[in-house]
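Student: See my_file-v5.cif below, with mmCIF, C-alpha atoms.
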```cif
data_coords
loop_
_atom_site.label_atom_id
_atom_site.label_comp_id
_atom_site.auth_asym_id
_atom_site.auth_seq_id
_atom_site.Cartn_x
_atom_site.Cartn_y
_atom_site.Cartn_z
CA SER U 1 15.74 24.37 40.59
CA GLY U 2 13.41 24.09 37.59
CA SER U 3 13.30 27.87 37.13
CA GLY U 4 15.19 29.97 34.65
CA SER U 5 15.07 30.94 31.00
CA GLY U 6 14.60 27.35 29.75
CA SER U 7 11.68 26.40 32.03
CA ALA U 8 8.95 27.29 29.51
CA ALA U 9 10.41 24.94 26.91
CA SER U 10 11.07 22.16 29.41
CA ASP U 11 7.43 22.24 30.55
CA LEU U 12 6.28 21.26 27.06
CA PRO U 13 5.78 17.60 26.09
CA PRO U 14 8.87 16.14 24.33
CA PRO U 15 7.40 16.17 20.79
CA ALA U 16 6.41 19.82 21.17
CA ARG U 17 9.83 20.78 22.54
CA ALA U 18 11.40 19.19 19.47
CA LEU U 19 9.10 21.22 17.21
CA ARG U 20 9.59 24.65 18.81
CA ARG U 21 11.29 25.67 15.59
CA ALA U 22 8.78 25.63 12.78
CA PRO U 23 9.41 22.98 10.13
CA PRO U 24 9.56 23.90 6.45
CA PRO U 25 6.21 24.02 4.62
CA PRO U 26 5.01 20.63 3.35
CA ARG U 27 5.94 19.83 -0.22
CA ARG U 28 3.98 17.63 -2.57
CA ARG U 29 5.79 14.30 -2.90
CA ALA U 30 7.64 13.87 -6.16
CA ALA U 31 6.70 11.02 -8.45
CA GLU U 32 8.23 7.82 -7.09
CA GLU U 33 10.27 5.75 -9.52
CA GLY U 34 8.59 2.46 -10.34
CA PHE U 35 5.36 3.34 -8.54
CA VAL U 36 2.29 1.94 -10.32
CA ALA U 37 -1.34 1.86 -9.15
CA ILE U 38 -3.43 -1.20 -9.94
CA PRO U 39 -6.39 -0.80 -12.32
CA HIS U 40 -9.36 0.69 -10.46
CA ASP U 41 -12.81 2.06 -11.18
CA GLY U 42 -12.82 5.13 -8.91
CA THR U 43 -12.64 8.79 -9.84
CA GLU U 44 -9.40 10.78 -9.92
CA GLU U 45 -10.35 12.24 -6.54
CA ASP U 46 -10.86 8.74 -5.14
CA ALA U 47 -7.52 7.60 -6.57
CA ALA U 48 -5.75 10.57 -4.95
CA ARG U 49 -7.05 9.40 -1.58
CA ARG U 50 -6.11 5.74 -2.15
CA PHE U 51 -2.82 5.66 -4.02
CA GLY U 52 0.52 7.26 -3.21
CA VAL U 53 -0.62 8.23 0.28
CA GLY U 54 1.65 5.95 2.33
CA ASP U 55 5.04 6.96 3.72
CA PRO U 56 7.87 4.87 2.18
CA LEU U 57 10.08 5.83 5.12
CA ARG U 58 7.63 4.42 7.68
CA CYS U 59 6.68 0.94 6.59
CA LEU U 60 6.59 -2.80 7.23
CA THR U 61 7.96 -5.25 4.65
CA LEU U 62 7.70 -9.00 4.21
CA GLN U 63 10.43 -9.79 1.68
CA GLY U 64 9.75 -12.06 -1.26
CA ASN U 65 11.89 -14.92 -0.01
CA HIS U 66 9.24 -15.39 2.70
CA PHE U 67 6.43 -15.85 0.15
CA THR U 68 5.07 -19.38 -0.05
CA GLY U 69 2.65 -21.39 -2.17
CA ALA U 70 2.35 -24.33 -4.51
CA HIS U 71 5.83 -25.75 -5.28
CA THR U 72 7.66 -22.65 -3.96
CA ASN U 73 10.01 -24.92 -1.99
CA ASN U 74 10.87 -26.95 -5.11
CA PRO U 75 14.02 -25.54 -6.83
CA GLN U 76 12.83 -27.05 -10.10
CA TYR U 77 10.04 -24.47 -10.20
CA PHE U 78 11.16 -21.55 -8.01
CA ALA U 79 14.43 -19.92 -6.98
CA VAL U 80 14.58 -18.41 -3.49
CA GLY U 81 17.06 -15.52 -3.30
CA ASN U 82 18.32 -13.45 -0.40
CA ASP U 83 15.14 -11.39 -0.43
CA THR U 84 13.17 -12.46 -3.52
CA LEU U 85 11.20 -15.39 -4.90
CA ARG U 86 11.59 -16.02 -8.63
CA LEU U 87 9.31 -18.24 -10.66
CA LYS U 88 11.22 -20.40 -13.12
CA SER U 89 8.32 -22.29 -14.67
CA VAL U 90 5.09 -23.73 -13.33
CA CYS U 91 1.61 -24.67 -14.50
CA TRP U 92 -0.38 -24.24 -11.27
CA LEU U 93 0.49 -20.78 -9.95
CA ALA U 94 -0.33 -19.90 -6.34
CA VAL U 95 1.95 -17.55 -4.39
CA GLY U 96 1.36 -15.38 -1.34
CA GLY U 97 2.68 -13.83 1.84
CA THR U 98 1.20 -12.53 5.09
CA LEU U 99 2.30 -9.61 7.25
CA LYS U 100 1.14 -10.61 10.72
CA LYS U 101 0.11 -8.46 13.67
CA VAL U 102 -0.25 -5.19 11.74
CA PRO U 103 -1.61 -2.44 14.05
CA ARG U 104 -4.97 -0.77 13.55
CA GLY U 105 -4.90 2.21 11.18
CA GLU U 106 -4.54 3.06 7.50
CA TRP U 107 -1.82 1.42 5.41
CA GLU U 108 -1.00 1.57 1.71
CA ALA U 109 -0.28 -1.92 0.37
CA ILE U 110 2.57 -2.23 -2.15
CA VAL U 111 3.74 -5.41 -3.89
CA HIS U 112 7.26 -5.29 -5.32
CA VAL U 113 7.30 -7.43 -8.45
CA LYS U 114 8.96 -7.88 -11.82
CA VAL U 115 7.06 -9.57 -14.66
CA ASP U 116 8.97 -10.69 -17.74
CA ASN U 117 5.96 -12.00 -19.67
CA THR U 118 2.19 -11.83 -19.40
CA ARG U 119 1.26 -15.17 -20.97
CA PHE U 120 -0.64 -16.37 -17.92
CA ASP U 121 -3.84 -15.79 -15.98
CA GLY U 122 -3.37 -13.93 -12.72
CA ASP U 123 -5.76 -13.04 -9.91
CA TRP U 124 -4.00 -10.57 -7.57
CA ARG U 125 -5.41 -9.61 -4.15
CA VAL U 126 -4.43 -7.86 -0.93
CA GLY U 127 -6.54 -7.72 2.21
CA VAL U 128 -7.50 -9.49 5.41
CA GLY U 129 -8.99 -12.98 5.15
CA ILE U 130 -8.60 -13.06 1.37
CA GLY U 131 -7.59 -15.76 -1.11
CA HIS U 132 -7.16 -15.77 -4.88
CA LYS U 133 -9.77 -17.23 -7.22
CA ARG U 134 -9.25 -19.60 -10.11
CA ASP U 135 -11.29 -20.48 -13.19
CA TRP U 136 -12.85 -17.07 -13.76
CA SER U 137 -14.02 -16.21 -17.27
CA ALA U 138 -12.51 -13.78 -19.74
CA LYS U 139 -15.47 -11.40 -19.35
CA ASP U 140 -14.39 -10.88 -15.72
CA ALA U 141 -10.76 -10.05 -16.54
CA ASP U 142 -11.27 -6.36 -15.81
CA ALA U 143 -13.09 -6.91 -12.50
CA THR U 144 -11.87 -4.98 -9.45
CA TRP U 145 -14.51 -6.39 -7.07
CA ASP U 146 -16.36 -9.69 -6.75
CA ASP U 147 -18.37 -11.82 -4.30
CA ALA U 148 -15.19 -12.98 -2.54
CA CYS U 149 -14.18 -9.35 -1.90
CA GLU U 150 -17.64 -8.62 -0.53
CA ALA U 151 -17.49 -11.67 1.74
CA ALA U 152 -14.08 -10.64 3.11
CA LEU U 153 -15.32 -7.10 3.75
CA VAL U 154 -18.38 -8.35 5.63
CA LYS U 155 -16.36 -10.82 7.70
CA THR U 156 -13.37 -8.60 8.61
CA GLY U 157 -14.52 -4.99 8.12
CA VAL U 158 -11.51 -4.41 5.84
CA ARG U 159 -12.09 -3.55 2.19
CA PRO U 160 -9.69 -5.65 0.06
CA ALA U 161 -8.24 -4.72 -3.33
CA MET U 162 -7.83 -6.85 -6.46
CA PHE U 163 -7.10 -6.88 -10.16
CA ARG U 164 -6.56 -9.52 -12.85
CA ASN U 165 -4.49 -10.09 -15.92
CA LYS U 166 -5.33 -12.42 -18.79
CA PRO U 167 -3.57 -12.81 -22.17
CA THR U 168 -6.64 -12.30 -24.33
CA ARG U 169 -8.61 -9.62 -26.10
CA LEU U 170 -11.96 -8.55 -24.69
CA LYS U 171 -14.93 -8.24 -27.05
CA ALA U 172 -16.34 -5.36 -25.02
CA THR U 173 -13.24 -3.18 -25.40
CA ARG U 174 -11.61 -4.84 -28.41
CA GLY U 175 -8.38 -4.59 -26.49
CA SER U 176 -6.22 -6.25 -23.89
CA PRO U 177 -7.63 -6.44 -20.34
CA ARG U 178 -6.46 -3.56 -18.13
CA GLY U 179 -4.30 -5.72 -15.87
CA ASN U 180 -2.51 -7.32 -18.79
CA LYS U 181 -1.96 -3.94 -20.42
CA LEU U 182 -0.52 -2.49 -17.20
CA LEU U 183 1.96 -5.34 -16.78
CA GLN U 184 2.97 -5.15 -20.45
CA GLN U 185 3.77 -1.45 -20.05
CA HIS U 186 6.33 -2.36 -17.37
CA LEU U 187 7.57 -5.63 -18.79
CA GLY U 188 10.93 -6.65 -17.36
CA GLN U 189 10.94 -3.78 -14.83
CA TRP U 190 10.81 -3.85 -11.07
CA ILE U 191 7.64 -2.00 -10.07
CA LYS U 192 6.01 -0.98 -6.80
CA LEU U 193 2.48 -2.14 -7.47
CA SER U 194 0.11 -0.22 -5.19
CA PHE U 195 -3.16 -1.85 -4.16
CA GLY U 196 -4.14 1.37 -2.42
CA LYS U 197 -5.07 2.15 1.14
CA LEU U 198 -6.34 -0.48 3.57
CA ARG U 199 -8.17 0.61 6.72
CA LEU U 200 -7.55 -1.95 9.47
CA VAL U 201 -10.18 -1.92 12.21
CA GLU U 202 -8.95 -4.52 14.71
CA GLU U 203 -6.14 -3.92 17.21
CA PHE U 204 -3.97 -6.25 15.11
CA SER U 205 -4.66 -7.81 11.70
CA ASP U 206 -2.91 -10.25 9.39
CA VAL U 207 -2.64 -8.61 5.95
CA ARG U 208 -2.21 -11.05 3.08
CA PHE U 209 -1.15 -10.83 -0.55
CA GLU U 210 -2.12 -13.66 -2.89
CA MET U 211 -1.69 -14.16 -6.57
CA GLY U 212 -2.83 -17.27 -8.36
CA GLY U 213 -3.70 -18.62 -11.76
CA GLY U 214 -1.22 -20.01 -14.23
CA SER U 215 -1.22 -21.28 -17.78
CA SER U 216 -1.96 -24.61 -19.40
CA SER U 217 1.28 -24.15 -21.35
CA TRP U 218 3.19 -23.21 -18.15
CA CYS U 219 4.14 -19.71 -17.10
CA SER U 220 7.49 -18.24 -16.11
CA GLY U 221 9.40 -15.04 -15.53
CA ILE U 222 7.75 -13.56 -12.42
CA GLU U 223 9.87 -12.35 -9.50
CA PHE U 224 8.43 -11.21 -6.18
CA GLY U 225 10.34 -8.68 -4.08
CA GLY U 226 7.93 -8.45 -1.18
CA LEU U 227 4.77 -7.06 0.39
CA GLU U 228 5.12 -3.60 1.90
CA LEU U 229 2.65 -1.71 4.08
CA ARG U 230 3.25 2.04 4.28
CA SER U 231 1.89 4.02 7.20
CA CYS U 232 -0.66 6.63 6.09
CA GLY U 233 -1.24 10.06 7.57
CA LEU U 234 -2.68 13.30 6.29
CA THR U 235 -2.89 14.10 2.59
CA TRP U 236 -0.76 16.85 1.05
CA ASP U 237 -3.80 19.18 0.84
CA GLN U 238 -4.56 18.61 4.53
CA LEU U 239 -0.94 19.27 5.50
CA ARG U 240 -0.97 22.45 3.42
CA LEU U 241 -4.09 23.69 5.21
CA ILE U 242 -2.55 22.99 8.61
CA GLU U 243 0.61 24.84 7.61
CA LEU U 244 -1.47 27.85 6.53
CA CYS U 245 -3.27 27.70 9.88
CA ARG U 246 0.04 27.62 11.71
CA LEU U 247 1.06 30.77 9.82
CA HIS U 248 -2.37 32.42 10.40
CA LYS U 249 -2.95 32.57 6.64
CA ALA U 250 -5.93 30.22 6.31
CA GLY U 251 -8.61 32.80 5.48
CA ALA U 252 -9.22 36.25 6.86
CA PRO U 253 -9.83 36.36 10.66
CA SER U 254 -13.58 36.32 11.44
CA GLY U 255 -14.27 36.07 7.72
CA PRO U 256 -16.45 33.45 6.01
CA ASP U 257 -13.39 31.44 4.93
CA GLU U 258 -11.61 31.51 8.26
CA CYS U 259 -10.18 28.22 9.50
CA ARG U 260 -10.68 28.18 13.28
CA LEU U 261 -7.68 25.91 13.65
CA GLN U 262 -5.41 28.92 13.06
CA ASN U 263 -6.51 30.26 16.46
CA VAL U 264 -4.78 27.31 18.14
CA PRO U 265 -1.17 27.96 19.27
CA PRO U 266 1.23 26.61 16.59
CA VAL U 267 3.11 24.44 19.06
CA ILE U 268 -0.14 22.63 19.94
CA ILE U 269 -0.93 22.08 16.24
CA MET U 270 2.48 20.49 15.71
CA TYR U 271 2.09 18.37 18.84
CA VAL U 272 -1.26 16.99 17.64
CA LEU U 273 0.26 16.19 14.24
CA GLU U 274 2.61 13.73 15.94
CA TYR U 275 -0.40 11.46 16.57
CA LEU U 276 -2.12 11.62 13.17
CA ASP U 277 0.06 9.06 11.37
CA THR U 278 -0.78 5.39 11.66
CA PRO U 279 1.63 4.12 14.34
CA LEU U 280 4.28 1.53 13.62
CA PRO U 281 4.20 -1.53 15.89
CA ASP U 282 6.24 -1.79 19.03
CA PRO U 283 9.54 -3.60 18.29
CA MET U 284 8.47 -6.42 20.64
CA ASP U 285 5.38 -7.04 18.46
CA VAL U 286 7.21 -7.25 15.11
CA PRO U 287 7.56 -10.80 13.71
CA ALA U 288 11.12 -11.93 13.04
CA ASN U 289 10.58 -12.07 9.25
CA VAL U 290 9.35 -8.46 8.96
CA VAL U 291 11.60 -5.50 8.12
CA VAL U 292 10.60 -2.16 9.68
CA ARG U 293 11.55 1.33 8.53
CA ARG U 294 10.92 4.02 11.13
CA GLY U 295 11.70 7.20 9.20
CA ALA U 296 14.72 9.09 7.94
#
```
Transcribe the structure of this file into structure tokens.

Tutor:
Amino acid sequence: SGSGSGSAASDLPPPARALRRAPPPPRRRAAEEGFVAIPHDGTEEDAARRFGVGDPLRCLTLQGNHFTGAHTNNPQYFAVGNDTLRLKSVCWLAVGGTLKKVPRGEWEAIVHVKVDNTRFDGDWRVGVGIGHKRDWSAKDADATWDDACEAALVKTGVRPAMFRNKPTRLKATRGSPRGNKLLQQHLGQWIKLSFGKLRLVEEFSDVRFEMGGGSSSWCSGIEFGGLELRSCGLTWDQLRLIELCRLHKAGAPSGPDECRLQNVPPVIIMYVLEYLDTPLPDPMDVPANVVVRRGA
């Protein structure tokens, strides 16, 4: 037993057996409806590496009805839905949620939110060991990094992400702050607000979203759908190069532009690819309030 025409395939590891037939070439992901990147100060190349790199089919989600904060359990101020948290009206605004026991790796952080007005101050942050700040000045409304971000990075090794909105005009730009302008462009719409890629360095980390601020004349009309972490893998350009290597089309053999990877058997290339995505947690490690998507 064990011999015969199928023995070569059966000797391969399971992922490689499943990939004996070559998959279609990778395609650049189409623009995702409602996807919006937070204001940032990086280059276009930096943004391409940070935003839109997570897999929406392989993700962890803490739904909005699990967000907590000041007065969130008081129906006079907030309405808790089946999977959302809606702000009715409040003066002191402080809302957040934590995805616990997230495995080491790279994750794109997305906050699902709908904002019906921007007449409030908001300090929005995602990271490990972070918390929102209050009482910052108008000149800092466009900040995407501050001392609190630096302190969190030093303490945890994870670079957080932040932006702010403030209903004012800045003397430096003679215009609305970037965060306020972004929210106004999507007023009344559900958006997937990307804070970009987080690189988690510990075996497990607690990733937190916080937004705080408010308005002396009370603020209203904000609805939170949840915090989502999307597993990150290779970029489209990297996948394209690997596909060209698999087809032996990545530069002329022995030429100056040759990619040595194309000398590796295709089935081995595809097997290695199975391990290049950030892994989703074992079902036994997933908290009860977290929704997991494990692919199509």

Student: Would you mind listing what lies within 10 Å of Glu202 (chain U) as a ChimeraX atom specification, with all atoms listed in the file counted and same-chain residues fewer than 6 positions away left out?

Tutor: /U:101-105,156-158

Student: Go ahead and write the residues just picked, C-alpha atoms, as a JSON list (two decimals), in the coordinates of the input.

Tutor:
```json
[["chain", "number", "residue", "atom", "x", "y", "z"],
["U", 101, "LYS", "CA", 0.11, -8.46, 13.67],
["U", 102, "VAL", "CA", -0.25, -5.19, 11.74],
["U", 103, "PRO", "CA", -1.61, -2.44, 14.05],
["U", 104, "ARG", "CA", -4.97, -0.77, 13.55],
["U", 105, "GLY", "CA", -4.90, 2.21, 11.18],
["U", 156, "THR", "CA", -13.37, -8.60, 8.61],
["U", 157, "GLY", "CA", -14.52, -4.99, 8.12],
["U", 158, "VAL", "CA", -11.51, -4.41, 5.84]]
```

Student: Quick one, how far is CA of Gln189 (chain U) from CA of Val115 (chain U)?

Tutor: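 Between CA of Gln189 (chain U) and CA of Val115 (chain U) the gap is 7.0 Å.
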
Student: Which is closer to Arg294 (chain U) than all the others in U:Met211, U:Val126, U:Cys59, U:Ile222, using all atoms listed in the file?

Tutor: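 The shortest atom-to-atom distance to Arg294 (chain U) comes from U:Cys59.
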
Student: Take the PyMOL selection byres ((chain U and resi 70) around 7), apply it to the structure above, and return the hits as a list in words.

Tutor: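 What the PyMOL selection byres ((chain U and resi 70) around 7) grabs from the file is Gly69, His71, Thr72, Leu93, Ala94 and Val95 of chain U.
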
Student: Just give me the residues with any atom within 12 Å of (5.9, -9.8, 17.1), file coordinates, counting all atoms listed in the file, written as a VMD selection string.

Tutor: chain U and resid 99 to 103 204 206 280 to 292

Student: Please compute the CA of Cys232 (chain U)-CA of Leu183 (chain U) distance, one decimal, in Å.

Tutor: 25.9 Å

Student: Any chance you could work out the residue set of the PyMOL selection byres ((chain U and resi 140-142) around 8) here, as a PyMOL selection string?

Tutor: chain U and resi 136-139+143-144+163-166+177-179

Student: Please produce a file of those selected residues containing C-alpha atoms, as a PDB file, in the coordinates of the input.

Tutor:
```pdb
ATOM      1  CA  TRP U 136     -12.850 -17.070 -13.760  1.00  0.00           C
ATOM      2  CA  SER U 137     -14.020 -16.210 -17.270  1.00  0.00           C
ATOM      3  CA  ALA U 138     -12.510 -13.780 -19.740  1.00  0.00           C
ATOM      4  CA  LYS U 139     -15.470 -11.400 -19.350  1.00  0.00           C
ATOM      5  CA  ALA U 143     -13.090  -6.910 -12.500  1.00  0.00           C
ATOM      6  CA  THR U 144     -11.870  -4.980  -9.450  1.00  0.00           C
ATOM      7  CA  PHE U 163      -7.100  -6.880 -10.160  1.00  0.00           C
ATOM      8  CA  ARG U 164      -6.560  -9.520 -12.850  1.00  0.00           C
ATOM      9  CA  ASN U 165      -4.490 -10.090 -15.920  1.00  0.00           C
ATOM     10  CA  LYS U 166      -5.330 -12.420 -18.790  1.00  0.00           C
ATOM     11  CA  PRO U 177      -7.630  -6.440 -20.340  1.00  0.00           C
ATOM     12  CA  ARG U 178      -6.460  -3.560 -18.130  1.00  0.00           C
ATOM     13  CA  GLY U 179      -4.300  -5.720 -15.870  1.00  0.00           C
TER      14      GLY U 179
END
```

Student: So that I can check the surroundings of Asp135 (chain U), please list as number ranges by chain every protein, DNA and RNA residue that reaches within 10 Å of it, counting all atoms listed in the file and ignoring chain neighbours fewer than 4 positions away.

Tutor: U: 121, 123, 213

Student: State, in Å with one decimal place, the distance from CA of Thr98 (chain U) to CA of His66 (chain U).

Tutor: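 CA of His66 (chain U) lies at a distance of 8.9 Å from CA of Thr98 (chain U).
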
Student: Here's the selection I'm unsure about, the PyMOL selection byres ((chain U and resi 263-266) around 8); applied to the file above, which residues does it give, as a list in words?

Tutor: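 When the PyMOL selection byres ((chain U and resi 263-266) around 8) is applied to the shown file, the picked residues are Cys245, Arg246, Leu247, His248, Arg260, Leu261, Gln262, Val267, Ile268, Ile269 and Met270 of chain U.
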
Student: Using all atoms listed in the file for the distances, tell me which of U:Leu187, U:Leu60, U:Leu244, U:Val53 is nearest to Asp116 (chain U).

Tutor: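 Closest to Asp116 (chain U) of all the choices is U:Leu187.
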
Student: Kindly extract all protein, DNA and RNA residues lying within 7 Å of the coordinates (13.6, -7.4, 0.7) given in the file, considering only C-alpha atoms, and supply them as a ChimeraX atom specification.

Tutor: /U:63-64,83-84,225-226

Student: Hey, which of U:Phe120, U:Ile38, U:Arg58, U:Glu33 ends up closest to Ser217 (chain U)? Count all atoms listed in the file.

Tutor: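 For Ser217 (chain U), the nearest of the given residues is U:Phe120.
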
Student: Using only C-alpha atoms, can you tell me which of U:Lys88, U:His186, U:His112, U:Arg159 comes closest to Leu62 (chain U)?

Tutor: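 Smallest separation from Leu62 (chain U) among the options: U:His112.
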
Student: For each of U:Leu229, U:Ala152, U:Val90, U:Ala109, take the minimum atom-to-atom distance to Pro279 (chain U), counting all atoms listed in the file, then give the residue where this is smallest.

Tutor: U:Leu229
